[in-house]
Amino acid sequence: MLEVLYEDNHIIAVNKKISDIVQADKTGDIPLAEEVKAYIKKKYNKPGEVFLGVPHRVDRPVSGVVIFTRTSKALTRLNKMFQEHEKEITKIYWAIVGNLPSEDHALLTHYLVRDQEKNKSYAYNQPKSGAKEAKLEYKLLGSSQRYYLLEVKLYTGRHHQIRCQLAKIGCPIKGDLKYGFSRSNEGGGISLHARSISFKHPVTQEMLTITANPPIKDPLWKVFYEGMH
């Protein structure tokens, strides 16, 4: 079932499940974009092909807010915003890690090099050739017996940025084998959730904040989420 978080004539936002892919890829699995198109077609009884733009993506093993556009005007403007005006968009993530970071609150700056073949990024403390600057801020929100919940605010949008930067400081995300966590999660996802996104509506210009609850079918997410409320 599709969990729609926000919807108007120009944009629609949904809470992505861990296994969903946002756009079609080589797996051949049905992408989230197609599910959203089917939902719009049915709800509004639309004949013919439904337009749906994909201005931003969330990695397959990650849950949370994904925005799609229902008009080409909204797509063009949001594409531009995501590419050129990242400062005008606030992205907040929640991450569950197995190690307590050395500081409860910190701004991390690294230089990321992406390896296309391995589909992995590598973080360096100093600038180097081909690297892109990556910035995020994290703070400790809670802890259980064995795990810690971090809130992450992104200042740049790099490939696997949160996964890579947290692993660099010795805090790989729970279930993230690619970045050094010891074992996988049931269902193959990782404990990273796109909690909220705030931005100016591409057409009406009003400020929007869209928030998605974490997958509380997972007992650990449930513990942390209920601890916050």
# chains A, B, ... in the order shown; residues from 1 in each chain; ligands from 1
call {"tool": "residues_around", "arguments": {"residues": "region 83-98 of chain A", "least_positions_apart": "6", "cutoff": "7 Å", "atoms": "only C-alpha atoms", "output": "PyMOL selection string"}}
result
chain A and resi 146-156+171-174+191-199
call {"tool": "write_last_selection", "arguments": {"atoms": "C-alpha atoms", "output": "mmCIF file, in the first residue's frame"}}
result
data_model
loop_
_atom_site.group_PDB
_atom_site.id
_atom_site.type_symbol
_atom_site.label_atom_id
_atom_site.label_comp_id
_atom_site.auth_asym_id
_atom_site.auth_seq_id
_atom_site.Cartn_x
_atom_site.Cartn_y
_atom_site.Cartn_z
ATOM 1 C CA ARG A 146 23.004 -1.593 21.917
ATOM 2 C CA TYR A 147 22.185 1.114 19.399
ATOM 3 C CA TYR A 148 22.142 4.878 18.990
ATOM 4 C CA LEU A 149 19.755 7.105 17.038
ATOM 5 C CA LEU A 150 21.341 10.026 15.197
ATOM 6 C CA GLU A 151 19.555 12.902 13.463
ATOM 7 C CA VAL A 152 21.452 13.981 10.370
ATOM 8 C CA LYS A 153 21.055 17.261 8.513
ATOM 9 C CA LEU A 154 22.527 17.233 5.007
ATOM 10 C CA TYR A 155 24.293 20.284 3.604
ATOM 11 C CA THR A 156 25.365 18.623 0.335
ATOM 12 C CA CYS A 171 29.671 4.676 13.116
ATOM 13 C CA PRO A 172 28.461 2.589 10.160
ATOM 14 C CA ILE A 173 24.665 2.415 9.863
ATOM 15 C CA LYS A 174 22.986 -0.722 11.187
ATOM 16 C CA SER A 191 18.572 1.604 9.285
ATOM 17 C CA LEU A 192 18.580 4.964 7.506
ATOM 18 C CA HIS A 193 15.346 6.916 7.114
ATOM 19 C CA ALA A 194 14.645 10.127 5.185
ATOM 20 C CA ARG A 195 12.691 11.760 8.030
ATOM 21 C CA SER A 196 11.737 15.119 6.501
ATOM 22 C CA ILE A 197 12.327 17.548 3.692
ATOM 23 C CA SER A 198 11.585 21.300 3.758
ATOM 24 C CA PHE A 199 11.538 23.423 0.623
#
call {"tool": "residues_around", "arguments": {"residues": "Glu7 (chain A)", "least_positions_apart": "4", "cutoff": "12 Å", "atoms": "only C-alpha atoms", "output": "PDB file with N, CA and C atoms, in the first residue's frame"}}
result
ATOM      1  N   GLU A   3       1.827   4.917   0.901  1.00  0.00           N
ATOM      2  CA  GLU A   3       1.554   5.884   1.976  1.00  0.00           C
ATOM      3  C   GLU A   3       1.844   7.287   1.437  1.00  0.00           C
ATOM      4  N   ILE A  11       2.714  18.482  -6.985  1.00  0.00           N
ATOM      5  CA  ILE A  11       3.652  17.514  -6.400  1.00  0.00           C
ATOM      6  C   ILE A  11       2.919  16.468  -5.565  1.00  0.00           C
ATOM      7  N   ILE A  12       3.584  15.330  -5.414  1.00  0.00           N
ATOM      8  CA  ILE A  12       3.078  14.274  -4.541  1.00  0.00           C
ATOM      9  C   ILE A  12       4.280  13.673  -3.814  1.00  0.00           C
ATOM     10  N   ALA A  13       4.126  13.477  -2.507  1.00  0.00           N
ATOM     11  CA  ALA A  13       5.224  12.906  -1.714  1.00  0.00           C
ATOM     12  C   ALA A  13       4.726  11.644  -1.036  1.00  0.00           C
ATOM     13  N   VAL A  14       5.571  10.614  -1.046  1.00  0.00           N
ATOM     14  CA  VAL A  14       5.186   9.342  -0.425  1.00  0.00           C
ATOM     15  C   VAL A  14       6.278   8.873   0.538  1.00  0.00           C
ATOM     16  N   VAL A  36       3.052   5.115  -8.032  1.00  0.00           N
ATOM     17  CA  VAL A  36       2.464   6.445  -7.837  1.00  0.00           C
ATOM     18  C   VAL A  36       1.623   6.830  -9.055  1.00  0.00           C
ATOM     19  N   TYR A  39      -1.628   5.046  -8.860  1.00  0.00           N
ATOM     20  CA  TYR A  39      -2.465   5.662  -7.816  1.00  0.00           C
ATOM     21  C   TYR A  39      -3.161   6.920  -8.364  1.00  0.00           C
ATOM     22  N   ILE A  40      -2.390   7.769  -9.065  1.00  0.00           N
ATOM     23  CA  ILE A  40      -2.940   9.019  -9.619  1.00  0.00           C
ATOM     24  C   ILE A  40      -3.997   8.706 -10.691  1.00  0.00           C
ATOM     25  N   LYS A  43      -7.139   7.395  -8.851  1.00  0.00           N
ATOM     26  CA  LYS A  43      -7.799   8.389  -7.994  1.00  0.00           C
ATOM     27  C   LYS A  43      -8.493   9.476  -8.817  1.00  0.00           C
ATOM     28  N   VAL A  66       9.961  10.646  -0.300  1.00  0.00           N
ATOM     29  CA  VAL A  66      10.373  10.825  -1.698  1.00  0.00           C
ATOM     30  C   VAL A  66       9.344  11.737  -2.360  1.00  0.00           C
ATOM     31  N   ILE A  67       9.835  12.735  -3.087  1.00  0.00           N
ATOM     32  CA  ILE A  67       8.940  13.680  -3.774  1.00  0.00           C
ATOM     33  C   ILE A  67       8.916  13.382  -5.267  1.00  0.00           C
ATOM     34  N   PHE A  68       7.730  13.403  -5.827  1.00  0.00           N
ATOM     35  CA  PHE A  68       7.542  13.309  -7.271  1.00  0.00           C
ATOM     36  C   PHE A  68       6.775  14.554  -7.718  1.00  0.00           C
ATOM     37  N   THR A  69       6.881  14.875  -9.004  1.00  0.00           N
ATOM     38  CA  THR A  69       6.123  16.023  -9.515  1.00  0.00           C
ATOM     39  C   THR A  69       5.041  15.551 -10.481  1.00  0.00           C
ATOM     40  N   ARG A  70       3.931  16.272 -10.474  1.00  0.00           N
ATOM     41  CA  ARG A  70       2.806  15.922 -11.331  1.00  0.00           C
ATOM     42  C   ARG A  70       2.720  16.810 -12.569  1.00  0.00           C
ATOM     43  N   HIS A 201       7.618  25.508  -2.225  1.00  0.00           N
ATOM     44  CA  HIS A 201       6.798  24.869  -3.259  1.00  0.00           C
ATOM     45  C   HIS A 201       7.158  25.468  -4.624  1.00  0.00           C
ATOM     46  N   LEU A 208       7.139  24.366   2.531  1.00  0.00           N
ATOM     47  CA  LEU A 208       6.540  23.079   2.870  1.00  0.00           C
ATOM     48  C   LEU A 208       7.531  22.263   3.693  1.00  0.00           C
ATOM     49  N   ILE A 210       7.636  18.214   4.731  1.00  0.00           N
ATOM     50  CA  ILE A 210       6.960  16.921   4.609  1.00  0.00           C
ATOM     51  C   ILE A 210       7.732  15.919   5.461  1.00  0.00           C
TER      52      ILE A 210
END
call {"tool": "atom_distance", "arguments": {"atom1": "CA of Phe82 (chain A)", "atom2": "CA of Arg57 (chain A)"}}
result
10.6 Å
call {"tool": "atom_distance", "arguments": {"atom1": "CA of Val54 (chain A)", "atom2": "CA of Gln23 (chain A)"}}
result
8.0 Å
call {"tool": "atom_distance", "arguments": {"atom1": "CA of Gln126 (chain A)", "atom2": "CA of Leu107 (chain A)"}}
result
15.2 Å
call {"tool": "select_by_dssp", "arguments": {"residues": "region 136-179 of chain A", "states": "strand (DSSP E)", "output": "PDB file with N, CA and C atoms, in the first residue's frame"}}
result
ATOM      1  N   LEU A 136      27.757  17.365   6.509  1.00  0.00           N
ATOM      2  CA  LEU A 136      26.529  17.049   7.228  1.00  0.00           C
ATOM      3  C   LEU A 136      26.720  17.390   8.699  1.00  0.00           C
ATOM      4  N   GLU A 137      25.602  17.541   9.370  1.00  0.00           N
ATOM      5  CA  GLU A 137      25.617  17.790  10.808  1.00  0.00           C
ATOM      6  C   GLU A 137      24.807  16.674  11.453  1.00  0.00           C
ATOM      7  N   TYR A 138      25.316  16.126  12.546  1.00  0.00           N
ATOM      8  CA  TYR A 138      24.529  15.105  13.228  1.00  0.00           C
ATOM      9  C   TYR A 138      24.390  15.451  14.695  1.00  0.00           C
ATOM     10  N   LYS A 139      23.325  14.914  15.309  1.00  0.00           N
ATOM     11  CA  LYS A 139      23.211  15.004  16.765  1.00  0.00           C
ATOM     12  C   LYS A 139      22.588  13.722  17.288  1.00  0.00           C
ATOM     13  N   LEU A 140      22.987  13.348  18.484  1.00  0.00           N
ATOM     14  CA  LEU A 140      22.489  12.141  19.118  1.00  0.00           C
ATOM     15  C   LEU A 140      21.085  12.404  19.652  1.00  0.00           C
ATOM     16  N   LEU A 141      20.111  11.586  19.208  1.00  0.00           N
ATOM     17  CA  LEU A 141      18.724  11.771  19.650  1.00  0.00           C
ATOM     18  C   LEU A 141      18.327  10.794  20.743  1.00  0.00           C
ATOM     19  N   GLY A 142      18.924   9.602  20.718  1.00  0.00           N
ATOM     20  CA  GLY A 142      18.510   8.605  21.702  1.00  0.00           C
ATOM     21  C   GLY A 142      19.409   7.386  21.672  1.00  0.00           C
ATOM     22  N   SER A 143      19.235   6.517  22.673  1.00  0.00           N
ATOM     23  CA  SER A 143      20.023   5.281  22.690  1.00  0.00           C
ATOM     24  C   SER A 143      19.198   4.144  23.270  1.00  0.00           C
ATOM     25  N   TYR A 148      22.261   3.425  18.792  1.00  0.00           N
ATOM     26  CA  TYR A 148      22.142   4.878  18.990  1.00  0.00           C
ATOM     27  C   TYR A 148      21.400   5.472  17.805  1.00  0.00           C
ATOM     28  N   LEU A 149      20.504   6.423  18.093  1.00  0.00           N
ATOM     29  CA  LEU A 149      19.755   7.105  17.038  1.00  0.00           C
ATOM     30  C   LEU A 149      20.365   8.482  16.802  1.00  0.00           C
ATOM     31  N   LEU A 150      20.779   8.728  15.570  1.00  0.00           N
ATOM     32  CA  LEU A 150      21.341  10.026  15.197  1.00  0.00           C
ATOM     33  C   LEU A 150      20.374  10.749  14.261  1.00  0.00           C
ATOM     34  N   GLU A 151      20.259  12.070  14.439  1.00  0.00           N
ATOM     35  CA  GLU A 151      19.555  12.902  13.463  1.00  0.00           C
ATOM     36  C   GLU A 151      20.617  13.560  12.606  1.00  0.00           C
ATOM     37  N   VAL A 152      20.454  13.460  11.305  1.00  0.00           N
ATOM     38  CA  VAL A 152      21.452  13.981  10.370  1.00  0.00           C
ATOM     39  C   VAL A 152      20.824  15.053   9.494  1.00  0.00           C
ATOM     40  N   LYS A 153      21.489  16.198   9.422  1.00  0.00           N
ATOM     41  CA  LYS A 153      21.055  17.261   8.513  1.00  0.00           C
ATOM     42  C   LYS A 153      22.090  17.350   7.398  1.00  0.00           C
ATOM     43  N   LEU A 154      21.616  17.227   6.161  1.00  0.00           N
ATOM     44  CA  LEU A 154      22.527  17.233   5.007  1.00  0.00           C
ATOM     45  C   LEU A 154      22.743  18.650   4.493  1.00  0.00           C
TER      46      LEU A 154
END
call {"tool": "select_by_dssp", "arguments": {"residues": "region 48-85 of chain A", "states": "alpha helix (DSSP H)", "output": "short mmCIF file (atom, residue, chain, number, x, y, z; two decimals) with C-alpha atoms, in the first residue's frame"}}
result
data_model
loop_
_atom_site.label_atom_id
_atom_site.label_comp_id
_atom_site.auth_asym_id
_atom_site.auth_seq_id
_atom_site.Cartn_x
_atom_site.Cartn_y
_atom_site.Cartn_z
CA SER A 72 6.58 19.47 -16.02
CA LYS A 73 6.73 23.03 -14.64
CA ALA A 74 7.16 21.70 -11.10
CA LEU A 75 9.75 19.17 -12.29
CA THR A 76 11.90 21.81 -14.03
CA ARG A 77 11.84 24.09 -11.00
CA LEU A 78 12.51 21.35 -8.44
CA ASN A 79 15.31 19.89 -10.56
CA LYS A 80 16.94 23.29 -10.58
CA MET A 81 16.44 23.70 -6.84
CA PHE A 82 17.97 20.29 -6.06
CA GLN A 83 20.92 20.93 -8.37
CA GLU A 84 21.72 24.61 -7.81
#
call {"tool": "closest_residue", "arguments": {"among": "A:Asn125, A:Gln205, A:Gly187, A:Ser102", "to": "Gly170 (chain A)", "atoms": "only C-alpha atoms"}}
result
A:Ser102
